[in-house]
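Text of protein07.tsv (TSV, N, CA and C atoms) as supplied:
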```tsv
chain	number	residue	atom	x	y	z
A	223	MET	N	1.64	76.62	-57.09
A	223	MET	CA	0.92	77.85	-57.29
A	223	MET	C	0.62	78.52	-55.96
A	224	LYS	N	0.22	77.71	-54.97
A	224	LYS	CA	-0.08	78.22	-53.66
A	224	LYS	C	1.17	78.82	-53.01
A	225	GLU	N	2.30	78.16	-53.17
A	225	GLU	CA	3.54	78.65	-52.59
A	225	GLU	C	3.95	79.98	-53.22
A	226	ARG	N	3.74	80.10	-54.50
A	226	ARG	CA	4.09	81.32	-55.21
A	226	ARG	C	3.22	82.48	-54.73
A	227	LEU	N	1.92	82.25	-54.56
A	227	LEU	CA	1.00	83.27	-54.07
A	227	LEU	C	1.39	83.70	-52.65
A	228	LEU	N	1.72	82.75	-51.79
A	228	LEU	CA	2.14	83.07	-50.43
A	228	LEU	C	3.45	83.88	-50.43
A	229	ASN	N	4.34	83.54	-51.33
A	229	ASN	CA	5.61	84.25	-51.45
A	229	ASN	C	5.38	85.71	-51.89
A	230	VAL	N	4.47	85.93	-52.84
A	230	VAL	CA	4.15	87.29	-53.32
A	230	VAL	C	3.51	88.09	-52.19
A	231	ILE	N	2.58	87.49	-51.46
A	231	ILE	CA	1.91	88.17	-50.35
A	231	ILE	C	2.93	88.54	-49.27
A	232	LYS	N	3.88	87.61	-49.00
A	232	LYS	CA	4.91	87.86	-48.00
A	232	LYS	C	5.74	89.08	-48.39
A	233	TRP	N	6.15	89.20	-49.65
A	233	TRP	CA	6.96	90.32	-50.10
A	233	TRP	C	6.17	91.63	-50.11
A	234	ILE	N	4.91	91.56	-50.40
A	234	ILE	CA	4.06	92.76	-50.35
A	234	ILE	C	3.96	93.26	-48.91
A	235	LEU	N	3.76	92.36	-47.96
A	235	LEU	CA	3.68	92.74	-46.56
A	235	LEU	C	5.01	93.30	-46.04
A	236	ILE	N	6.11	92.71	-46.47
A	236	ILE	CA	7.43	93.22	-46.07
A	236	ILE	C	7.63	94.63	-46.63
A	237	THR	N	7.26	94.84	-47.88
A	237	THR	CA	7.40	96.17	-48.50
A	237	THR	C	6.53	97.20	-47.79
A	238	LEU	N	5.29	96.84	-47.48
A	238	LEU	CA	4.40	97.75	-46.76
A	238	LEU	C	4.95	98.07	-45.36
A	239	GLY	N	5.52	97.10	-44.69
A	239	GLY	CA	6.11	97.32	-43.37
A	239	GLY	C	7.28	98.29	-43.43
A	240	VAL	N	8.14	98.11	-44.45
A	240	VAL	CA	9.30	99.00	-44.61
A	240	VAL	C	8.82	100.42	-44.91
A	241	LEU	N	7.84	100.58	-45.79
A	241	LEU	CA	7.31	101.90	-46.11
A	241	LEU	C	6.67	102.56	-44.88
A	242	PHE	N	5.99	101.75	-44.06
A	242	PHE	CA	5.39	102.28	-42.84
A	242	PHE	C	6.46	102.80	-41.88
A	243	LEU	N	7.55	102.06	-41.72
A	243	LEU	CA	8.64	102.49	-40.86
A	243	LEU	C	9.31	103.76	-41.38
A	244	LEU	N	9.49	103.86	-42.69
A	244	LEU	CA	10.06	105.07	-43.29
A	244	LEU	C	9.16	106.27	-43.05
A	245	GLN	N	7.86	106.06	-43.15
A	245	GLN	CA	6.91	107.13	-42.91
A	245	GLN	C	6.99	107.62	-41.46
A	246	ILE	N	7.10	106.71	-40.52
A	246	ILE	CA	7.21	107.08	-39.10
A	246	ILE	C	8.50	107.86	-38.88
A	247	LEU	N	9.61	107.42	-39.47
A	247	LEU	CA	10.87	108.14	-39.33
A	247	LEU	C	10.77	109.55	-39.92
A	248	PHE	N	10.13	109.69	-41.04
A	248	PHE	CA	9.95	110.99	-41.68
A	248	PHE	C	9.13	111.93	-40.79
A	249	VAL	N	8.04	111.45	-40.23
A	249	VAL	CA	7.19	112.28	-39.37
A	249	VAL	C	7.95	112.69	-38.10
A	250	VAL	N	8.67	111.76	-37.48
A	250	VAL	CA	9.44	112.08	-36.28
A	250	VAL	C	10.52	113.12	-36.61
A	251	GLY	N	11.20	112.98	-37.72
A	251	GLY	CA	12.21	113.95	-38.14
A	251	GLY	C	11.61	115.32	-38.38
A	252	ALA	N	10.44	115.38	-38.98
A	252	ALA	CA	9.77	116.66	-39.23
A	252	ALA	C	9.39	117.34	-37.92
A	253	VAL	N	8.90	116.59	-36.96
A	253	VAL	CA	8.53	117.15	-35.66
A	253	VAL	C	9.75	117.68	-34.93
A	254	ILE	N	10.83	116.92	-34.93
A	254	ILE	CA	12.06	117.37	-34.27
A	254	ILE	C	12.61	118.61	-34.97
A	255	GLY	N	12.62	118.61	-36.28
A	255	GLY	CA	13.09	119.78	-37.03
A	255	GLY	C	12.26	121.02	-36.76
A	256	ALA	N	10.95	120.86	-36.69
A	256	ALA	CA	10.08	122.01	-36.43
A	256	ALA	C	10.30	122.54	-35.02
A	257	SER	N	10.49	121.68	-34.06
A	257	SER	CA	10.71	122.15	-32.69
A	257	SER	C	12.05	122.88	-32.58
A	258	ASN	N	13.08	122.41	-33.27
A	258	ASN	CA	14.36	123.10	-33.25
A	258	ASN	C	14.26	124.46	-33.93
A	259	PHE	N	13.50	124.55	-35.00
A	259	PHE	CA	13.32	125.82	-35.70
A	259	PHE	C	12.60	126.82	-34.80
A	260	ALA	N	11.60	126.38	-34.08
A	260	ALA	CA	10.86	127.26	-33.18
A	260	ALA	C	11.77	127.77	-32.06
A	261	LYS	N	12.65	126.94	-31.54
A	261	LYS	CA	13.57	127.36	-30.50
A	261	LYS	C	14.53	128.42	-31.03
A	262	THR	N	15.04	128.24	-32.23
A	262	THR	CA	15.96	129.20	-32.83
A	262	THR	C	15.27	130.53	-33.04
A	263	ASP	N	14.05	130.52	-33.56
A	263	ASP	CA	13.31	131.74	-33.81
A	263	ASP	C	13.07	132.50	-32.52
A	264	THR	N	12.72	131.82	-31.45
A	264	THR	CA	12.50	132.46	-30.16
A	264	THR	C	13.77	133.10	-29.65
A	265	ASN	N	14.90	132.45	-29.83
A	265	ASN	CA	16.17	133.02	-29.38
A	265	ASN	C	16.49	134.31	-30.12
A	266	ILE	N	16.19	134.36	-31.40
A	266	ILE	CA	16.44	135.57	-32.18
A	266	ILE	C	15.56	136.70	-31.67
A	267	VAL	N	14.29	136.44	-31.44
A	267	VAL	CA	13.38	137.46	-30.95
A	267	VAL	C	13.82	137.97	-29.59
A	268	ASN	N	14.16	137.07	-28.66
A	268	ASN	CA	14.60	137.49	-27.34
A	268	ASN	C	15.87	138.30	-27.39
A	269	SER	N	16.79	137.93	-28.26
A	269	SER	CA	18.04	138.66	-28.40
A	269	SER	C	17.78	140.08	-28.89
A	270	SER	N	16.89	140.24	-29.85
A	270	SER	CA	16.56	141.56	-30.37
A	270	SER	C	15.88	142.41	-29.30
A	271	LYS	N	14.98	141.82	-28.53
A	271	LYS	CA	14.28	142.58	-27.49
A	271	LYS	C	15.25	143.05	-26.42
A	272	ASN	N	16.25	142.25	-26.09
A	272	ASN	CA	17.24	142.68	-25.11
A	272	ASN	C	18.02	143.89	-25.62
A	273	LYS	N	18.30	143.94	-26.89
A	273	LYS	CA	19.05	145.05	-27.46
A	273	LYS	C	18.20	146.31	-27.59
A	274	LEU	N	16.87	146.16	-27.56
A	274	LEU	CA	15.98	147.31	-27.66
A	274	LEU	C	15.76	148.00	-26.31
A	275	LYS	N	16.29	147.46	-25.24
A	275	LYS	CA	16.07	148.04	-23.92
A	275	LYS	C	16.53	149.50	-23.85
A	276	GLN	N	17.60	149.84	-24.57
A	276	GLN	CA	18.12	151.20	-24.50
A	276	GLN	C	17.18	152.22	-25.12
A	277	ILE	N	16.28	151.81	-26.01
A	277	ILE	CA	15.32	152.75	-26.61
A	277	ILE	C	13.88	152.40	-26.25
A	278	GLN	N	13.70	151.58	-25.24
A	278	GLN	CA	12.35	151.16	-24.87
A	278	GLN	C	11.48	152.35	-24.46
A	279	SER	N	12.07	153.37	-23.85
A	279	SER	CA	11.28	154.54	-23.47
A	279	SER	C	10.73	155.25	-24.71
A	280	VAL	N	11.49	155.30	-25.79
A	280	VAL	CA	11.02	155.91	-27.03
A	280	VAL	C	9.89	155.08	-27.62
A	281	ILE	N	10.07	153.77	-27.65
A	281	ILE	CA	9.04	152.87	-28.20
A	281	ILE	C	7.75	153.00	-27.39
A	282	ASP	N	7.87	153.02	-26.07
A	282	ASP	CA	6.68	153.15	-25.23
A	282	ASP	C	5.95	154.47	-25.48
A	283	TYR	N	6.71	155.55	-25.61
A	283	TYR	CA	6.11	156.86	-25.88
A	283	TYR	C	5.37	156.87	-27.21
A	284	VAL	N	6.01	156.32	-28.24
A	284	VAL	CA	5.42	156.30	-29.59
A	284	VAL	C	4.14	155.46	-29.61
A	285	GLU	N	4.19	154.28	-28.99
A	285	GLU	CA	3.01	153.41	-28.97
A	285	GLU	C	1.86	154.03	-28.16
A	286	ASP	N	2.20	154.70	-27.06
A	286	ASP	CA	1.17	155.38	-26.26
A	286	ASP	C	0.54	156.51	-27.06
A	287	TYR	N	1.36	157.27	-27.79
A	287	TYR	CA	0.85	158.35	-28.64
A	287	TYR	C	-0.09	157.80	-29.71
A	288	LYS	N	0.29	156.68	-30.31
A	288	LYS	CA	-0.55	156.06	-31.35
A	288	LYS	C	-1.89	155.61	-30.76
A	289	ASN	N	-1.87	155.03	-29.58
A	289	ASN	CA	-3.12	154.59	-28.95
A	289	ASN	C	-4.06	155.76	-28.66
A	290	LYS	N	-3.50	156.92	-28.30
A	290	LYS	CA	-4.32	158.08	-27.99
A	290	LYS	C	-4.77	158.85	-29.23
A	291	ASN	N	-3.93	158.91	-30.27
A	291	ASN	CA	-4.20	159.78	-31.42
A	291	ASN	C	-4.47	159.05	-32.73
A	292	GLY	N	-4.27	157.75	-32.77
A	292	GLY	CA	-4.55	156.98	-33.98
A	292	GLY	C	-3.45	156.97	-35.02
A	293	LYS	N	-2.37	157.69	-34.78
A	293	LYS	CA	-1.23	157.68	-35.70
A	293	LYS	C	0.04	157.93	-34.90
A	294	TYR	N	1.17	157.60	-35.50
A	294	TYR	CA	2.44	157.80	-34.82
A	294	TYR	C	2.83	159.28	-34.89
A	295	PRO	N	3.55	159.79	-33.88
A	295	PRO	CA	3.92	161.21	-33.89
A	295	PRO	C	4.92	161.53	-35.00
A	296	GLN	N	4.84	162.75	-35.49
A	296	GLN	CA	5.74	163.17	-36.55
A	296	GLN	C	7.16	163.37	-36.02
A	297	THR	N	7.26	163.94	-34.84
A	297	THR	CA	8.57	164.15	-34.21
A	297	THR	C	8.48	163.76	-32.74
A	298	ILE	N	9.64	163.56	-32.15
A	298	ILE	CA	9.72	163.24	-30.72
A	298	ILE	C	10.71	164.21	-30.09
A	299	GLN	N	10.29	164.76	-28.96
A	299	GLN	CA	11.18	165.64	-28.22
A	299	GLN	C	11.08	165.29	-26.74
A	300	ASN	N	12.16	165.48	-26.04
A	300	ASN	CA	12.20	165.31	-24.58
A	300	ASN	C	11.93	163.88	-24.12
A	301	VAL	N	12.24	162.89	-24.92
A	301	VAL	CA	12.15	161.50	-24.47
A	301	VAL	C	13.57	161.08	-24.13
A	302	LYS	N	13.77	160.68	-22.89
A	302	LYS	CA	15.12	160.32	-22.42
A	302	LYS	C	15.44	158.88	-22.76
A	303	VAL	N	16.67	158.66	-23.19
A	303	VAL	CA	17.20	157.32	-23.42
A	303	VAL	C	18.47	157.18	-22.58
A	304	LYS	N	19.06	156.02	-22.60
A	304	LYS	CA	20.28	155.79	-21.84
A	304	LYS	C	21.38	156.76	-22.29
A	305	ASN	N	22.28	157.05	-21.37
A	305	ASN	CA	23.39	157.94	-21.69
A	305	ASN	C	24.23	157.36	-22.82
A	306	ASN	N	24.88	158.25	-23.54
A	306	ASN	CA	25.78	157.89	-24.65
A	306	ASN	C	25.06	157.21	-25.81
A	307	VAL	N	23.75	157.34	-25.91
A	307	VAL	CA	23.00	156.75	-27.03
A	307	VAL	C	22.32	157.88	-27.79
A	308	TYR	N	22.62	157.95	-29.07
A	308	TYR	CA	21.97	158.93	-29.93
A	308	TYR	C	20.92	158.20	-30.75
A	309	TYR	N	19.76	158.81	-30.93
A	309	TYR	CA	18.73	158.17	-31.73
A	309	TYR	C	18.14	159.15	-32.73
A	310	ASP	N	17.68	158.58	-33.83
A	310	ASP	CA	17.02	159.35	-34.88
A	310	ASP	C	15.67	158.70	-35.13
A	311	TYR	N	14.61	159.48	-35.04
A	311	TYR	CA	13.24	158.97	-35.19
A	311	TYR	C	12.66	159.54	-36.47
A	312	SER	N	12.00	158.69	-37.25
A	312	SER	CA	11.31	159.15	-38.46
A	312	SER	C	10.06	158.29	-38.68
A	313	THR	N	9.10	158.85	-39.40
A	313	THR	CA	7.86	158.14	-39.70
A	313	THR	C	7.68	158.06	-41.21
A	314	SER	N	6.77	157.17	-41.62
A	314	SER	CA	6.42	157.09	-43.03
A	314	SER	C	5.48	158.24	-43.37
A	315	ASP	N	5.22	158.44	-44.64
A	315	ASP	CA	4.36	159.55	-45.08
A	315	ASP	C	2.94	159.43	-44.55
A	316	ASP	N	2.44	158.21	-44.38
A	316	ASP	CA	1.07	158.03	-43.89
A	316	ASP	C	1.00	157.83	-42.38
A	317	PHE	N	2.13	157.97	-41.69
A	317	PHE	CA	2.24	157.86	-40.23
A	317	PHE	C	1.79	156.50	-39.69
A	318	ASN	N	1.90	155.45	-40.50
A	318	ASN	CA	1.59	154.10	-40.06
A	318	ASN	C	2.83	153.32	-39.66
A	319	CYS	N	4.00	153.83	-39.98
A	319	CYS	CA	5.26	153.16	-39.66
A	319	CYS	C	6.23	154.17	-39.04
A	320	TYR	N	7.09	153.68	-38.17
A	320	TYR	CA	8.15	154.53	-37.65
A	320	TYR	C	9.45	153.75	-37.62
A	321	THR	N	10.55	154.49	-37.67
A	321	THR	CA	11.89	153.91	-37.65
A	321	THR	C	12.71	154.64	-36.61
A	322	ILE	N	13.43	153.88	-35.80
A	322	ILE	CA	14.35	154.46	-34.82
A	322	ILE	C	15.74	153.89	-35.10
A	323	LYS	N	16.69	154.78	-35.36
A	323	LYS	CA	18.08	154.38	-35.54
A	323	LYS	C	18.86	154.87	-34.34
A	324	THR	N	19.69	154.00	-33.78
A	324	THR	CA	20.49	154.38	-32.62
A	324	THR	C	21.97	154.16	-32.91
A	325	LYS	N	22.78	154.97	-32.25
A	325	LYS	CA	24.22	154.83	-32.35
A	325	LYS	C	24.81	155.25	-31.01
A	326	THR	N	25.79	154.50	-30.55
A	326	THR	CA	26.45	154.86	-29.29
A	326	THR	C	27.75	155.59	-29.58
A	327	LYS	N	28.25	156.28	-28.58
A	327	LYS	CA	29.51	157.03	-28.74
A	327	LYS	C	30.72	156.13	-28.91
A	328	LYS	N	30.66	154.96	-28.25
A	328	LYS	CA	31.87	154.15	-28.18
A	328	LYS	C	32.15	153.27	-29.40
A	329	ASP	N	31.16	153.02	-30.25
A	329	ASP	CA	31.41	152.18	-31.42
A	329	ASP	C	30.66	152.71	-32.63
A	330	ASN	N	30.87	152.08	-33.76
A	330	ASN	CA	30.22	152.51	-35.00
A	330	ASN	C	29.03	151.63	-35.37
A	331	MET	N	28.52	150.89	-34.41
A	331	MET	CA	27.38	150.01	-34.68
A	331	MET	C	26.08	150.82	-34.68
A	332	VAL	N	25.32	150.68	-35.75
A	332	VAL	CA	24.02	151.33	-35.85
A	332	VAL	C	22.96	150.25	-35.70
A	333	GLN	N	22.01	150.52	-34.82
A	333	GLN	CA	20.90	149.60	-34.63
A	333	GLN	C	19.65	150.29	-35.17
A	334	GLN	N	18.88	149.53	-35.95
A	334	GLN	CA	17.68	150.11	-36.56
A	334	GLN	C	16.47	149.26	-36.20
A	335	TYR	N	15.44	149.91	-35.70
A	335	TYR	CA	14.20	149.25	-35.33
A	335	TYR	C	13.08	149.90	-36.12
A	336	GLN	N	12.25	149.07	-36.75
A	336	GLN	CA	11.11	149.60	-37.51
A	336	GLN	C	9.85	148.87	-37.09
A	337	HIS	N	8.77	149.63	-36.94
A	337	HIS	CA	7.48	149.06	-36.55
A	337	HIS	C	6.41	149.68	-37.43
A	338	CYS	N	5.54	148.83	-37.97
A	338	CYS	CA	4.42	149.28	-38.79
A	338	CYS	C	3.13	148.71	-38.24
A	339	SER	N	2.07	149.50	-38.31
A	339	SER	CA	0.77	149.07	-37.81
A	339	SER	C	-0.30	149.57	-38.77
A	340	PHE	N	-1.08	148.63	-39.32
A	340	PHE	CA	-2.14	148.98	-40.25
A	340	PHE	C	-3.46	148.43	-39.74
A	341	LYS	N	-4.49	149.23	-39.79
A	341	LYS	CA	-5.82	148.78	-39.40
A	341	LYS	C	-6.79	149.14	-40.50
A	342	SER	N	-7.68	148.20	-40.82
A	342	SER	CA	-8.76	148.46	-41.76
A	342	SER	C	-9.99	147.77	-41.21
A	343	GLU	N	-11.05	147.77	-41.97
A	343	GLU	CA	-12.29	147.18	-41.50
A	343	GLU	C	-12.11	145.70	-41.18
A	344	GLY	N	-12.24	145.37	-39.92
A	344	GLY	CA	-12.21	143.97	-39.50
A	344	GLY	C	-10.85	143.31	-39.46
A	345	SER	N	-9.77	144.05	-39.74
A	345	SER	CA	-8.45	143.41	-39.70
A	345	SER	C	-7.39	144.41	-39.26
A	346	SER	N	-6.33	143.87	-38.74
A	346	SER	CA	-5.18	144.71	-38.37
A	346	SER	C	-3.91	143.92	-38.60
A	347	SER	N	-2.83	144.65	-38.83
A	347	SER	CA	-1.56	144.00	-39.11
A	347	SER	C	-0.44	144.79	-38.43
A	348	ASN	N	0.46	144.10	-37.78
A	348	ASN	CA	1.63	144.71	-37.15
A	348	ASN	C	2.87	143.98	-37.64
A	349	SER	N	3.93	144.75	-37.88
A	349	SER	CA	5.20	144.13	-38.24
A	349	SER	C	6.33	144.89	-37.56
A	350	GLU	N	7.39	144.14	-37.23
A	350	GLU	CA	8.55	144.72	-36.60
A	350	GLU	C	9.81	144.18	-37.29
A	351	SER	N	10.82	145.00	-37.36
A	351	SER	CA	12.10	144.52	-37.85
A	351	SER	C	13.21	145.17	-37.04
A	352	TYR	N	14.29	144.45	-36.89
A	352	TYR	CA	15.45	144.94	-36.15
A	352	TYR	C	16.69	144.53	-36.91
A	353	SER	N	17.62	145.46	-37.05
A	353	SER	CA	18.87	145.13	-37.74
A	353	SER	C	20.01	145.92	-37.10
A	354	GLU	N	21.20	145.39	-37.28
A	354	GLU	CA	22.43	146.05	-36.81
A	354	GLU	C	23.41	146.04	-37.96
A	355	TYR	N	24.13	147.15	-38.08
A	355	TYR	CA	25.18	147.21	-39.10
A	355	TYR	C	26.26	148.18	-38.64
A	356	SER	N	27.43	148.04	-39.22
A	356	SER	CA	28.56	148.89	-38.88
A	356	SER	C	28.61	150.07	-39.84
A	357	GLU	N	28.73	151.25	-39.30
A	357	GLU	CA	28.81	152.45	-40.11
A	357	GLU	C	30.27	152.88	-40.15
A	358	LYS	N	30.76	153.07	-41.33
A	358	LYS	CA	32.18	153.43	-41.49
A	358	LYS	C	32.37	154.91	-41.62
```

For the file at hand, write its structure as structure tokens.
Amino acid sequence: MKERLLNVIKWILITLGVLFLLQILFVVGAVIGASNFAKTDTNIVNSSKNKLKQIQSVIDYVEDYKNKNGKYPQTIQNVKVKNNVYYDYSTSDDFNCYTIKTKTKKDNMVQQYQHCSFKSEGSSSNSESYSEYSEK
């Protein structure tokens, strides 16, 4: 009887040890996966910001206007961008969002940048999106 009880206890301890090791492997895998995801996300953001350099003067003008007047401008005139870049600026009906579409002379790639900013009592929200597509 004593041997049987010791045998059962031994198997319970072995099972608990195996489960503990599996748990450690799971946690380590989750940490490694999360760190890789964060690196990928940062690369995407940096890549988009590099592509926005050609319209950064427009973005700076619009954000400065919003800081001074509380809303985005309805139209933009006399803001210089890099040569061979055409841009189209538009705002939402409530002037909380703006969209800038750019196209260069040499290709059919359209780049679109959108920024929205909402403020209410005690909270604020900002969102940005960037996309590229080929126009035929």

Might you pull out every residue within 6.5 Å of A:Gln333, with only N, CA and C atoms counted and same-chain residues fewer than 4 positions away left off, and present them as an mmCIF file with N, CA and C atoms, keeping the file's coordinate frame?
```cif
data_model
loop_
_atom_site.group_PDB
_atom_site.id
_atom_site.type_symbol
_atom_site.label_atom_id
_atom_site.label_comp_id
_atom_site.auth_asym_id
_atom_site.auth_seq_id
_atom_site.Cartn_x
_atom_site.Cartn_y
_atom_site.Cartn_z
ATOM 1 N N ILE A 322 13.430 153.880 -35.800
ATOM 2 C CA ILE A 322 14.350 154.460 -34.820
ATOM 3 C C ILE A 322 15.740 153.890 -35.100
ATOM 4 N N LYS A 323 16.690 154.780 -35.360
ATOM 5 C CA LYS A 323 18.080 154.380 -35.540
ATOM 6 C C LYS A 323 18.860 154.870 -34.340
ATOM 7 N N THR A 324 19.690 154.000 -33.780
ATOM 8 C CA THR A 324 20.490 154.380 -32.620
ATOM 9 C C THR A 324 21.970 154.160 -32.910
ATOM 10 N N LYS A 325 22.780 154.970 -32.250
ATOM 11 C CA LYS A 325 24.220 154.830 -32.350
ATOM 12 C C LYS A 325 24.810 155.250 -31.010
ATOM 13 N N SER A 353 17.620 145.460 -37.050
ATOM 14 C CA SER A 353 18.870 145.130 -37.740
ATOM 15 C C SER A 353 20.010 145.920 -37.100
ATOM 16 N N GLU A 354 21.200 145.390 -37.280
ATOM 17 C CA GLU A 354 22.430 146.050 -36.810
ATOM 18 C C GLU A 354 23.410 146.040 -37.960
ATOM 19 N N TYR A 355 24.130 147.150 -38.080
ATOM 20 C CA TYR A 355 25.180 147.210 -39.100
ATOM 21 C C TYR A 355 26.260 148.180 -38.640
#
```

- alpha helix (DSSP H) call set, DSSP backbone run, chain A, as a PyMOL selection string: chain A and resi 224-273+278-291

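Neighbours of A:Ser279 closer than or equal to 9 Å, with only C-alpha atoms counted and sequence neighbours fewer than 5 positions away skipped, come out as Val284, Val301, Lys302 and Val303 of chain A.
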
Filtering to N, CA and C atoms, could you give me those residues as a PDB file, in the frame of the given file?
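Output below, filename selection.pdb:
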```
ATOM      1  N   VAL A 284       6.010 156.320 -28.240  1.00  0.00           N
ATOM      2  CA  VAL A 284       5.420 156.300 -29.590  1.00  0.00           C
ATOM      3  C   VAL A 284       4.140 155.460 -29.610  1.00  0.00           C
ATOM      4  N   VAL A 301      12.240 162.890 -24.920  1.00  0.00           N
ATOM      5  CA  VAL A 301      12.150 161.500 -24.470  1.00  0.00           C
ATOM      6  C   VAL A 301      13.570 161.080 -24.130  1.00  0.00           C
ATOM      7  N   LYS A 302      13.770 160.680 -22.890  1.00  0.00           N
ATOM      8  CA  LYS A 302      15.120 160.320 -22.420  1.00  0.00           C
ATOM      9  C   LYS A 302      15.440 158.880 -22.760  1.00  0.00           C
ATOM     10  N   VAL A 303      16.670 158.660 -23.190  1.00  0.00           N
ATOM     11  CA  VAL A 303      17.200 157.320 -23.420  1.00  0.00           C
ATOM     12  C   VAL A 303      18.470 157.180 -22.580  1.00  0.00           C
TER      13      VAL A 303
END
```

- Task: From a DSSP calculation on the backbone, collect every residue of chain A in strand (DSSP E) and output the set as a PyMOL selection string.
- Result: chain A and resi 307-313+319-326+331-342+345-356

Kindly save the residues from that selection, with N, CA and C atoms included, as a short mmCIF file (atom, residue, chain, number, x, y, z; two decimals), in the coordinates of the input.
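selection_28.cif, written as the output of this step:
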```cif
data_model
loop_
_atom_site.label_atom_id
_atom_site.label_comp_id
_atom_site.auth_asym_id
_atom_site.auth_seq_id
_atom_site.Cartn_x
_atom_site.Cartn_y
_atom_site.Cartn_z
N VAL A 307 23.75 157.34 -25.91
CA VAL A 307 23.00 156.75 -27.03
C VAL A 307 22.32 157.88 -27.79
N TYR A 308 22.62 157.95 -29.07
CA TYR A 308 21.97 158.93 -29.93
C TYR A 308 20.92 158.20 -30.75
N TYR A 309 19.76 158.81 -30.93
CA TYR A 309 18.73 158.17 -31.73
C TYR A 309 18.14 159.15 -32.73
N ASP A 310 17.68 158.58 -33.83
CA ASP A 310 17.02 159.35 -34.88
C ASP A 310 15.67 158.70 -35.13
N TYR A 311 14.61 159.48 -35.04
CA TYR A 311 13.24 158.97 -35.19
C TYR A 311 12.66 159.54 -36.47
N SER A 312 12.00 158.69 -37.25
CA SER A 312 11.31 159.15 -38.46
C SER A 312 10.06 158.29 -38.68
N THR A 313 9.10 158.85 -39.40
CA THR A 313 7.86 158.14 -39.70
C THR A 313 7.68 158.06 -41.21
N CYS A 319 4.00 153.83 -39.98
CA CYS A 319 5.26 153.16 -39.66
C CYS A 319 6.23 154.17 -39.04
N TYR A 320 7.09 153.68 -38.17
CA TYR A 320 8.15 154.53 -37.65
C TYR A 320 9.45 153.75 -37.62
N THR A 321 10.55 154.49 -37.67
CA THR A 321 11.89 153.91 -37.65
C THR A 321 12.71 154.64 -36.61
N ILE A 322 13.43 153.88 -35.80
CA ILE A 322 14.35 154.46 -34.82
C ILE A 322 15.74 153.89 -35.10
N LYS A 323 16.69 154.78 -35.36
CA LYS A 323 18.08 154.38 -35.54
C LYS A 323 18.86 154.87 -34.34
N THR A 324 19.69 154.00 -33.78
CA THR A 324 20.49 154.38 -32.62
C THR A 324 21.97 154.16 -32.91
N LYS A 325 22.78 154.97 -32.25
CA LYS A 325 24.22 154.83 -32.35
C LYS A 325 24.81 155.25 -31.01
N THR A 326 25.79 154.50 -30.55
CA THR A 326 26.45 154.86 -29.29
C THR A 326 27.75 155.59 -29.58
N MET A 331 28.52 150.89 -34.41
CA MET A 331 27.38 150.01 -34.68
C MET A 331 26.08 150.82 -34.68
N VAL A 332 25.32 150.68 -35.75
CA VAL A 332 24.02 151.33 -35.85
C VAL A 332 22.96 150.25 -35.70
N GLN A 333 22.01 150.52 -34.82
CA GLN A 333 20.90 149.60 -34.63
C GLN A 333 19.65 150.29 -35.17
N GLN A 334 18.88 149.53 -35.95
CA GLN A 334 17.68 150.11 -36.56
C GLN A 334 16.47 149.26 -36.20
N TYR A 335 15.44 149.91 -35.70
CA TYR A 335 14.20 149.25 -35.33
C TYR A 335 13.08 149.90 -36.12
N GLN A 336 12.25 149.07 -36.75
CA GLN A 336 11.11 149.60 -37.51
C GLN A 336 9.85 148.87 -37.09
N HIS A 337 8.77 149.63 -36.94
CA HIS A 337 7.48 149.06 -36.55
C HIS A 337 6.41 149.68 -37.43
N CYS A 338 5.54 148.83 -37.97
CA CYS A 338 4.42 149.28 -38.79
C CYS A 338 3.13 148.71 -38.24
N SER A 339 2.07 149.50 -38.31
CA SER A 339 0.77 149.07 -37.81
C SER A 339 -0.30 149.57 -38.77
N PHE A 340 -1.08 148.63 -39.32
CA PHE A 340 -2.14 148.98 -40.25
C PHE A 340 -3.46 148.43 -39.74
N LYS A 341 -4.49 149.23 -39.79
CA LYS A 341 -5.82 148.78 -39.40
C LYS A 341 -6.79 149.14 -40.50
N SER A 342 -7.68 148.20 -40.82
CA SER A 342 -8.76 148.46 -41.76
C SER A 342 -9.99 147.77 -41.21
N SER A 345 -9.77 144.05 -39.74
CA SER A 345 -8.45 143.41 -39.70
C SER A 345 -7.39 144.41 -39.26
N SER A 346 -6.33 143.87 -38.74
CA SER A 346 -5.18 144.71 -38.37
C SER A 346 -3.91 143.92 -38.60
N SER A 347 -2.83 144.65 -38.83
CA SER A 347 -1.56 144.00 -39.11
C SER A 347 -0.44 144.79 -38.43
N ASN A 348 0.46 144.10 -37.78
CA ASN A 348 1.63 144.71 -37.15
C ASN A 348 2.87 143.98 -37.64
N SER A 349 3.93 144.75 -37.88
CA SER A 349 5.20 144.13 -38.24
C SER A 349 6.33 144.89 -37.56
N GLU A 350 7.39 144.14 -37.23
CA GLU A 350 8.55 144.72 -36.60
C GLU A 350 9.81 144.18 -37.29
N SER A 351 10.82 145.00 -37.36
CA SER A 351 12.10 144.52 -37.85
C SER A 351 13.21 145.17 -37.04
N TYR A 352 14.29 144.45 -36.89
CA TYR A 352 15.45 144.94 -36.15
C TYR A 352 16.69 144.53 -36.91
N SER A 353 17.62 145.46 -37.05
CA SER A 353 18.87 145.13 -37.74
C SER A 353 20.01 145.92 -37.10
N GLU A 354 21.20 145.39 -37.28
CA GLU A 354 22.43 146.05 -36.81
C GLU A 354 23.41 146.04 -37.96
N TYR A 355 24.13 147.15 -38.08
CA TYR A 355 25.18 147.21 -39.10
C TYR A 355 26.26 148.18 -38.64
N SER A 356 27.43 148.04 -39.22
CA SER A 356 28.56 148.89 -38.88
C SER A 356 28.61 150.07 -39.84
#
```

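The two atoms in question, atom CA of A:Glu357 and atom CA of A:Ser312, are spaced 18.8 Å apart.
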
- At what distance in Å, to one decimal, does atom C of A:Phe317 lie from atom CA of A:Lys288? 8.7 Å
